Structures are given as C-alpha cells and as structure tokens.
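Structure file run_21.cif with mmCIF, C-alpha atoms:
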```cif
data_input
#
loop_
_atom_site.label_atom_id
_atom_site.label_comp_id
_atom_site.auth_asym_id
_atom_site.auth_seq_id
_atom_site.Cartn_x
_atom_site.Cartn_y
_atom_site.Cartn_z
CA MET H 1 -19.50 7.57 -17.84
CA ILE H 2 -22.54 8.37 -15.75
CA ARG H 3 -24.85 7.85 -18.71
CA ASP H 4 -23.56 4.26 -19.02
CA GLY H 5 -23.89 3.40 -15.36
CA PHE H 6 -24.28 6.08 -12.75
CA LEU H 7 -24.13 3.83 -9.72
CA GLY H 8 -21.21 1.94 -11.22
CA GLU H 9 -19.27 5.16 -11.72
CA LEU H 10 -19.91 6.22 -8.14
CA GLN H 11 -18.84 2.84 -6.84
CA ARG H 12 -15.61 2.88 -8.86
CA ALA H 13 -14.59 6.39 -7.76
CA ARG H 14 -11.72 6.54 -5.27
CA ARG H 15 -12.99 9.87 -3.99
CA PRO H 16 -16.23 11.86 -4.34
CA LEU H 17 -16.83 13.30 -7.80
CA ILE H 18 -16.91 17.10 -7.95
CA ILE H 19 -20.04 18.75 -9.35
CA GLY H 20 -19.56 22.32 -10.62
CA SER H 21 -22.69 24.40 -10.00
CA LEU H 22 -23.32 27.80 -11.59
CA LEU H 23 -23.81 30.81 -9.33
CA ARG H 24 -26.66 33.15 -10.22
CA ASP H 25 -24.67 36.26 -9.25
CA ASP H 26 -21.71 35.21 -11.41
CA LEU H 27 -23.96 34.79 -14.44
CA LEU H 28 -25.61 38.16 -13.89
CA ARG H 29 -22.22 39.88 -13.57
CA GLY H 30 -21.39 38.55 -17.02
CA VAL H 31 -24.42 40.31 -18.53
CA ARG H 32 -23.09 43.57 -19.90
CA ASP H 33 -26.34 44.69 -21.51
CA PRO H 34 -29.33 43.62 -19.35
CA VAL H 35 -31.87 45.14 -21.75
CA ARG H 36 -30.55 43.08 -24.67
CA ASP H 37 -29.46 39.91 -22.88
CA LEU H 38 -32.37 39.61 -20.45
CA GLN H 39 -34.98 41.42 -22.57
CA GLY H 40 -36.21 43.34 -19.55
CA HIS H 41 -36.54 40.16 -17.42
CA ASP H 42 -34.09 41.39 -14.80
CA GLY H 43 -32.71 38.52 -12.70
CA CYS H 44 -33.92 35.64 -14.89
CA VAL H 45 -30.65 33.86 -15.55
CA GLU H 46 -32.49 30.93 -17.17
CA LEU H 47 -33.29 33.27 -20.08
CA LEU H 48 -29.54 33.35 -20.79
CA ASN H 49 -29.88 29.78 -22.04
CA ILE H 50 -31.79 31.34 -24.95
CA THR H 51 -30.21 34.78 -25.36
CA ARG H 52 -26.59 34.17 -24.28
CA PRO H 53 -25.69 30.47 -24.53
CA ASP H 54 -22.08 31.53 -25.06
CA LEU H 55 -22.00 33.19 -21.63
CA VAL H 56 -23.43 30.11 -19.90
CA ALA H 57 -21.00 27.85 -21.77
CA ASP H 58 -18.07 30.04 -20.73
CA HIS H 59 -19.04 29.66 -17.07
CA HIS H 60 -19.32 25.89 -17.48
CA ARG H 61 -15.86 25.78 -19.06
CA SER H 62 -14.39 27.76 -16.17
CA LEU H 63 -15.70 25.14 -13.74
CA VAL H 64 -14.23 22.30 -15.81
CA ASP H 65 -10.92 24.16 -15.98
CA ALA H 66 -10.99 24.42 -12.18
CA GLY H 67 -11.42 20.64 -11.86
CA ALA H 68 -15.17 19.91 -12.00
CA GLU H 69 -15.99 16.37 -13.20
CA VAL H 70 -19.76 16.90 -13.42
CA LEU H 71 -21.57 20.04 -14.65
CA ALA H 72 -24.90 21.18 -13.17
CA THR H 73 -27.29 22.81 -15.64
CA ASN H 74 -28.55 26.40 -15.42
CA THR H 75 -32.11 25.40 -14.53
CA VAL H 76 -32.58 26.01 -10.80
CA GLY H 77 -35.27 28.58 -11.61
CA ALA H 78 -36.84 26.75 -14.56
CA ALA H 79 -40.13 25.90 -12.79
CA GLN H 80 -43.10 27.48 -14.55
CA GLN H 81 -44.24 29.11 -11.29
CA ILE H 82 -40.93 30.98 -11.14
CA LEU H 83 -40.72 31.76 -14.86
CA SER H 84 -44.25 33.20 -14.77
CA LYS H 85 -42.79 36.22 -12.93
CA TYR H 86 -40.92 37.01 -16.15
CA ARG H 87 -43.87 36.26 -18.47
CA MET H 88 -42.16 32.99 -19.46
CA LYS H 89 -44.48 30.41 -17.93
CA ASP H 90 -44.61 28.33 -21.11
CA GLU H 91 -40.82 28.29 -21.60
CA SER H 92 -39.96 25.77 -18.89
CA PHE H 93 -39.26 22.94 -21.33
CA ALA H 94 -37.35 25.20 -23.74
CA VAL H 95 -34.94 26.71 -21.19
CA SER H 96 -34.36 23.25 -19.68
CA TYR H 97 -33.63 21.64 -23.04
CA LEU H 98 -31.25 24.43 -24.06
CA ALA H 99 -29.51 24.39 -20.67
CA ALA H 100 -28.86 20.68 -21.09
CA GLU H 101 -27.59 21.17 -24.64
CA ILE H 102 -25.15 23.89 -23.52
CA ALA H 103 -23.76 21.85 -20.62
CA VAL H 104 -23.55 18.66 -22.69
CA GLY H 105 -21.68 20.54 -25.42
CA VAL H 106 -19.06 21.72 -22.93
CA ALA H 107 -18.87 18.31 -21.25
CA ARG H 108 -18.26 16.44 -24.49
CA ALA H 109 -15.48 18.84 -25.53
CA GLY H 110 -12.87 17.21 -23.32
CA PRO H 111 -12.08 15.30 -20.11
CA ALA H 112 -11.82 16.71 -16.61
CA HIS H 113 -8.48 17.08 -14.82
CA SER H 114 -9.03 13.62 -13.34
CA GLY H 115 -9.05 12.12 -16.85
CA ARG H 116 -12.71 11.12 -16.57
CA PRO H 117 -15.20 12.29 -19.21
CA VAL H 118 -17.13 15.30 -17.91
CA THR H 119 -20.79 14.43 -17.32
CA VAL H 120 -23.93 16.54 -16.85
CA LEU H 121 -26.39 16.74 -13.96
CA GLY H 122 -29.78 18.29 -14.69
CA GLU H 123 -30.93 20.61 -11.89
CA VAL H 124 -34.64 20.44 -10.96
CA TRP H 125 -35.89 22.66 -8.14
CA ALA H 126 -39.46 21.79 -7.16
CA PRO H 127 -41.27 24.72 -5.47
CA TRP H 128 -44.10 23.91 -3.08
CA ARG H 129 -45.32 27.47 -2.41
CA MET H 130 -44.89 30.91 -3.96
CA PRO H 131 -45.01 34.25 -2.10
CA LEU H 132 -47.88 35.70 -4.13
CA SER H 133 -49.86 32.70 -5.38
CA GLY H 134 -49.55 30.56 -2.23
CA PHE H 135 -49.31 26.79 -2.04
CA ILE H 136 -48.81 24.61 -5.11
CA THR H 137 -50.85 21.43 -5.42
CA CYS H 138 -49.17 18.05 -5.76
CA ARG H 139 -50.54 17.78 -9.29
CA GLU H 140 -48.97 21.11 -10.22
CA VAL H 141 -45.67 20.01 -8.66
CA GLU H 142 -45.71 16.81 -10.71
CA ASP H 143 -46.51 18.64 -13.96
CA THR H 144 -43.86 21.30 -13.33
CA VAL H 145 -41.12 18.78 -12.56
CA ALA H 146 -42.17 16.62 -15.51
CA SER H 147 -41.73 19.54 -17.94
CA ILE H 148 -38.24 20.39 -16.65
CA SER H 149 -37.13 16.76 -16.50
CA SER H 150 -38.38 16.05 -20.01
CA GLY H 151 -36.42 19.02 -21.34
CA LEU H 152 -33.26 18.03 -19.50
CA ALA H 153 -33.45 14.39 -20.56
CA SER H 154 -34.18 15.34 -24.17
CA GLY H 155 -31.16 17.65 -24.06
CA GLY H 156 -28.90 14.77 -23.05
CA VAL H 157 -28.18 15.06 -19.30
CA ASP H 158 -26.64 12.04 -17.62
CA ALA H 159 -28.57 12.29 -14.33
CA ILE H 160 -31.21 14.42 -12.59
CA HIS H 161 -30.72 16.32 -9.32
CA LEU H 162 -34.14 16.83 -7.73
CA GLN H 163 -34.38 19.40 -4.92
CA THR H 164 -37.58 19.20 -2.88
CA ALA H 165 -39.14 20.27 0.40
CA HIS H 166 -39.34 17.68 3.17
CA TYR H 167 -43.12 17.15 2.97
CA PRO H 168 -43.81 13.52 1.90
CA GLY H 169 -46.60 14.42 -0.52
CA HIS H 170 -44.46 17.06 -2.20
CA LEU H 171 -41.46 14.74 -2.47
CA ALA H 172 -43.51 11.88 -3.90
CA ALA H 173 -45.21 14.18 -6.43
CA ALA H 174 -41.85 15.64 -7.50
CA PHE H 175 -40.34 12.18 -7.92
CA ALA H 176 -43.37 11.09 -9.96
CA GLY H 177 -42.84 14.20 -12.10
CA VAL H 178 -39.25 13.20 -12.83
CA ARG H 179 -40.35 9.74 -13.91
CA ALA H 180 -43.09 11.20 -16.10
CA GLY H 181 -40.62 13.59 -17.73
CA LEU H 182 -38.11 10.85 -18.41
CA SER H 183 -40.84 8.67 -19.87
CA GLU H 184 -41.93 11.51 -22.15
CA ALA H 185 -38.34 11.98 -23.33
CA GLY H 186 -37.94 8.25 -23.88
CA ARG H 187 -34.84 8.10 -21.67
CA TRP H 188 -33.95 6.84 -18.21
CA THR H 189 -31.42 8.57 -15.97
CA PRO H 190 -30.60 8.13 -12.31
CA VAL H 191 -32.09 10.64 -9.86
CA LEU H 192 -30.24 12.32 -7.01
CA VAL H 193 -32.43 13.88 -4.30
CA SER H 194 -31.69 16.84 -2.03
CA VAL H 195 -34.24 17.27 0.76
CA ARG H 196 -34.58 20.72 2.31
CA HIS H 197 -36.47 21.53 5.51
CA ASP H 198 -39.07 24.19 4.81
CA THR H 199 -41.62 25.52 7.31
CA LEU H 200 -44.25 28.23 7.32
CA GLY H 201 -45.33 30.29 10.33
CA TRP H 202 -43.65 28.41 13.17
CA GLU H 203 -40.23 27.59 14.56
CA PRO H 204 -39.82 23.81 14.90
CA SER H 205 -37.44 22.34 17.43
CA ARG H 206 -34.20 20.65 16.41
CA ASP H 207 -35.78 17.27 17.10
CA GLU H 208 -38.74 18.07 14.85
CA ILE H 209 -36.44 19.25 12.06
CA ARG H 210 -34.30 16.14 12.38
CA ASN H 211 -37.28 13.79 12.39
CA ASP H 212 -38.92 15.52 9.41
CA ILE H 213 -35.81 15.63 7.29
CA MET H 214 -34.81 12.05 8.01
CA ALA H 215 -38.31 10.75 7.28
CA ALA H 216 -38.14 12.49 3.91
CA ALA H 217 -34.65 11.09 3.24
CA SER H 218 -35.91 7.59 4.01
CA LEU H 219 -38.78 8.11 1.57
CA ALA H 220 -36.35 9.27 -1.13
CA TYR H 221 -34.25 6.18 -0.48
CA GLY H 222 -37.36 4.03 -0.79
CA LEU H 223 -38.15 5.71 -4.09
CA GLN H 224 -34.75 4.45 -5.30
CA ALA H 225 -32.84 7.72 -5.37
CA ALA H 226 -29.30 7.09 -6.64
CA ALA H 227 -27.84 9.33 -3.93
CA ILE H 228 -29.28 11.54 -1.18
CA SER H 229 -28.39 14.84 0.47
CA VAL H 230 -30.14 16.97 3.07
CA GLU H 231 -30.30 20.74 3.53
CA ALA H 232 -31.01 21.55 7.16
CA GLY H 233 -28.73 24.35 8.25
CA ASP H 234 -30.16 24.50 11.78
CA LEU H 235 -28.87 20.99 12.44
CA GLY H 236 -25.29 21.69 11.38
CA SER H 237 -23.12 18.58 11.51
CA ASP H 238 -26.01 16.66 13.06
CA ALA H 239 -27.76 16.56 9.67
CA LEU H 240 -24.93 14.65 8.01
CA VAL H 241 -24.54 12.28 10.93
CA CYS H 242 -28.27 11.53 11.10
CA LEU H 243 -28.45 11.00 7.34
CA ALA H 244 -25.60 8.48 7.45
CA LYS H 245 -27.51 6.62 10.17
CA GLU H 246 -30.84 6.72 8.37
CA VAL H 247 -30.01 5.43 4.89
CA ASP H 248 -27.56 2.86 3.58
CA GLY H 249 -27.14 4.18 0.04
CA PRO H 250 -24.71 6.70 -1.48
CA LEU H 251 -24.69 10.26 -0.08
CA PHE H 252 -23.59 13.59 -1.46
CA VAL H 253 -22.94 17.09 -0.14
CA SER H 254 -24.98 19.95 -1.64
CA THR H 255 -24.15 23.62 -2.18
CA ALA H 256 -26.22 24.51 0.89
CA THR H 257 -23.59 22.84 3.10
CA PRO H 258 -20.94 25.29 4.37
CA PRO H 259 -17.54 24.51 2.79
CA SER H 260 -15.92 23.99 6.20
CA LEU H 261 -18.52 21.38 7.14
CA ALA H 262 -18.17 19.70 3.75
CA TRP H 263 -14.42 19.35 4.32
CA ALA H 264 -15.04 17.98 7.82
CA ALA H 265 -17.40 15.38 6.34
CA LEU H 266 -14.81 14.43 3.71
CA SER H 267 -12.27 13.89 6.47
CA ASP H 268 -14.55 11.92 8.79
CA SER H 269 -13.56 8.25 8.83
CA VAL H 270 -17.15 7.00 8.87
CA ILE H 271 -19.07 9.58 6.83
CA SER H 272 -16.50 9.98 4.05
CA PRO H 273 -16.81 6.38 2.75
CA ARG H 274 -20.50 7.12 2.11
CA LEU H 275 -19.94 10.34 0.13
CA ARG H 276 -19.97 9.91 -3.64
CA LEU H 277 -20.38 13.49 -4.87
CA VAL H 278 -19.64 17.00 -3.62
CA ILE H 279 -21.31 20.04 -5.19
CA ALA H 280 -19.29 23.26 -5.24
CA ALA H 281 -20.02 26.61 -6.87
CA ARG H 282 -16.76 28.54 -6.51
CA ALA H 283 -13.86 27.79 -8.86
CA ALA H 284 -11.39 28.12 -5.98
CA GLU H 285 -13.28 25.54 -3.91
CA ILE H 286 -13.53 23.18 -6.90
CA TRP H 287 -9.80 23.52 -7.52
CA ARG H 288 -9.07 22.73 -3.87
CA LEU H 289 -11.36 19.70 -3.88
CA SER H 290 -9.91 18.39 -7.14
CA ARG H 291 -6.42 18.38 -5.60
CA ARG H 292 -7.52 16.36 -2.60
CA PRO H 293 -5.62 13.04 -2.54
CA PRO H 294 -7.72 9.94 -3.40
CA THR H 295 -8.98 8.02 -0.40
CA CYS H 296 -9.92 4.39 0.02
CA ILE H 297 -13.71 4.29 -0.30
CA GLU H 298 -15.47 1.29 1.12
CA HIS H 299 -18.17 -0.06 -1.20
CA LYS H 300 -20.85 -1.82 0.80
CA GLU H 301 -24.08 -2.61 -1.00
CA THR H 302 -26.25 -3.72 1.88
CA ALA H 303 -24.32 -3.54 5.15
CA PRO H 304 -25.69 -0.75 7.37
CA VAL H 305 -23.30 2.00 8.37
CA THR H 306 -23.25 3.53 11.83
CA ALA H 307 -22.30 7.19 11.72
CA ASN H 308 -19.81 8.83 14.02
CA ASP H 309 -21.73 10.09 17.06
CA ASN H 310 -18.96 12.41 18.18
CA LEU H 311 -20.72 15.57 17.02
CA SER H 312 -18.47 17.88 18.98
CA GLU H 313 -15.40 16.53 17.20
CA LEU H 314 -16.99 16.89 13.75
CA SER H 315 -18.25 20.41 14.53
CA GLU H 316 -14.84 21.45 15.79
CA ARG H 317 -13.20 20.22 12.59
CA ALA H 318 -15.85 22.07 10.59
CA ARG H 319 -15.11 25.32 12.38
CA SER H 320 -11.38 24.94 11.86
CA GLY H 321 -11.82 24.01 8.17
CA ALA H 322 -9.95 20.71 8.53
CA ASP H 323 -8.73 19.11 5.34
#
```
Please express what this file holds, its structure, as structure tokens.
Amino acid sequence: MIRDGFLGELQRARRPLIIGSLLRDDLLRGVRDPVRDLQGHDGCVELLNITRPDLVADHHRSLVDAGAEVLATNTVGAAQQILSKYRMKDESFAVSYLAAEIAVGVARAGPAHSGRPVTVLGEVWAPWRMPLSGFITCREVEDTVASISSGLASGGVDAIHLQTAHYPGHLAAAFAGVRAGLSEAGRWTPVLVSVRHDTLGWEPSRDEIRNDIMAAASLAYGLQAAAISVEAGDLGSDALVCLAKEVDGPLFVSTATPPSLAWAALSDSVISPRLRLVIAARAAEIWRLSRRPPTCIEHKETAPVTANDNLSELSERARSGAD
C-alpha cells in the first residue's frame, strides 16, 4: 500500500496507477437542493464534505468501480483564500479532514479492479494570487497549505498532491507548508508535485514558459518530491518531453493534460517507463486506462533518461489518440 511505501509501490507497478479525481460539475449536478446542501454557498463543493458526505462518497465509489486504484480528495478549493468567498475562511482544516475521512472510508471498503488496495491522495491547491485581494505572501501560502495538509494527514491520506505555480518562492513556501502540516498531524506522507505555469499581464514565449516550468520542476525534484508533473498547455507534448529530460525521478500525468496526449505519453517508448501515475476524472477514461495491458516498466534509480526528441511523432500520436 502507498501508506507503507509509496515509492516502493510505484516501483513495483507494471503500469501507471490510475488516480480517480472528482469533477466539480459532477458533484454540483448531484446536489438536488442547493439551499439545503450548500447552505447558500453556491458552487462551494468542499462544503459537501460537511453537508453531504454520502454524495461525495458515492462519487468516489463510482471511480473505484470504473477502475481507479487511488482516490483524490475533494479539497481542490480548500484554501482559506478560496473558502473566504463563502464565509468559510476558518473551515479549511475541517473540510480537508472530512474529505480525507470520506475518501479513506471508501478506499478501505474493498480493493480496486487490479486487486490492489485502493489508496488516497490528498489534493492541495496552493493559490498565489486572488482576483479581488491580489497577491498572497509566501507566509500566507505556507500557512494555508499547512492547514490543508494537516487536515488531510490527520484524516488518513496516504500521500499529498501539491499543485503550485511555477514561481520558486511560491513553490518552496508551499512545500514548507506541507511539511509543517504533516509535522502538526504527527504523520509523514510522500508528496507529489504538479507545477503549473501562471503569468500576469504578459505573454511569455514558448522558450520562457519551458525554462520557467523546468526550473520549477527541478526545484521540486530537489525538494524530494515523490513524483512530478507539469501543467503547461502552451507547450503541448514539449512539456512532457522536457520534463523527462530535466528530472530523473518518477513522473505522472495530471488532469490538465489532454487525454489524447496522455495516451500518447503512455505509448511512448521512452516517456512511458518514467510514468508512475495517471490522473483521470471521467469514469469512461478511467475504465479505458484500467483495461490497458501491463507494460514492462524499467526501474532505474539514478541513471539519467534521455527523452524522445521526435516531437512531431508524439504530437501526431496525441492528435490521433493512439493507444
């Protein structure tokens, strides 16, 4: 199980593990009475962890039934800066703890289709600026992430998925927040890091985006992230190729990656041995991934890997949705 050795589980897997991620729109469609279930906080799906845990659990179960081996918690919007819009600024720890409890309860109820025990990944989204209040200081980032991480760890998650902007100071503060939260909970879990490219007021070139995102990925690797992903849609297949060149550790594919490109990466002879997890949000996509035949994954601890430079071939396979 991931809680007993996350890196060991990833190394033993014959194919990437499938992470089932909840979709905000799907959760909201399940709310039949918004006034009662959301208490007037329209759009705050994290409140459902308190008011409708049965609804959240049902969605988790549907992902496991589709073939998910790891469940992502309903905490993408659990940062206090986001919850403050719904007059819930002080509920960050509570919604995170309850989200972990719900997912852990579903995970412990039975194995995935693969026969592995279902495990739980705590989602932590670290905002660096808000539309109305402006930029968030590094100290605020650290405190926000610490509160969410403490709640998730106390609730029993097996690992943390930290999503941050590419700015080094922001990433370092968010990572420090995770460590502080885990320390407060008295538990240690591995940390996965997704780095997204975020700009304000200008249009950077592709080279600038690539350099920024890869510098952040290298920093995450240096901070001992258990696995790394990047979210840089403007780069397309180039982002995955550059990431495989930049870091030697395990990689994963996030929900921001188009499904066709994710399948192309899974089929690429050089990138696929590096992939350890794939995040999917649609039951149909999870089902399709879970039926993918096991592949021979090379496990290299220290040997550098040179990514496939044939971007045109990878892009073409992405467009055609190659299996």
For the interface of range 130-171 of chain H with range 98-107 of chain H (cut-off 9 Å, counting all atoms listed in the file), please tabulate each contacting residue of range 130-171 of chain H alongside its nearest pair of atoms and their separation in Å to one decimal, rows sorted by chain and increasing number, as a Markdown table.
```
| residue | atom | partner | partner_atom | distance |
| --- | --- | --- | --- | --- |
| H:Gly151 | CA | H:Ala100 | CA | 7.7 |
| H:Leu152 | CA | H:Ala100 | CA | 5.4 |
| H:Ala153 | CA | H:Ala100 | CA | 7.8 |
| H:Ser154 | CA | H:Ala100 | CA | 8.1 |
| H:Gly155 | CA | H:Ala100 | CA | 4.8 |
| H:Gly156 | CA | H:Ala100 | CA | 6.2 |
| H:Val157 | CA | H:Ala100 | CA | 5.9 |
| H:Asp158 | CA | H:Val104 | CA | 8.9 |
```
Using all atoms listed in the file, which residues sit within 8 Å of Leu27 in chain H once same-chain residues fewer than 6 positions away are excluded, as a CSV table (one decimal) with C-alpha atoms, keeping the file's coordinate frame?
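Below you can see around-v9.csv, which holds the result:
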```
chain,number,residue,atom,x,y,z
H,45,VAL,CA,-30.6,33.9,-15.6
H,55,LEU,CA,-22.0,33.2,-21.6
H,56,VAL,CA,-23.4,30.1,-19.9
H,59,HIS,CA,-19.0,29.7,-17.1
```
Can you tell me which residues surround range 60-73 of chain H at a distance of at most 9 Å, considering all atoms listed in the file, apart from same-chain residues fewer than 2 positions away, and format the answer as number ranges by chain? H: 17-22, 55-58, 75-76, 96, 99-100, 102-104, 106-107, 111-123, 152, 157, 161, 279-291
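Considering only C-alpha atoms, the residue among H:Trp125, H:Tyr221, H:Trp202, H:Phe135 positioned nearest to Ile160 in chain H is H:Trp125.
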Computed gap from CA of Tyr167 in chain H to CA of Gln80 in chain H is 20.3 Å
Excluding same-chain residues fewer than 6 positions from Cys138 in chain H, what lies within 7 Å of it counting all atoms listed in the file, as an NGL selection string? :H and (169-170 or 173)
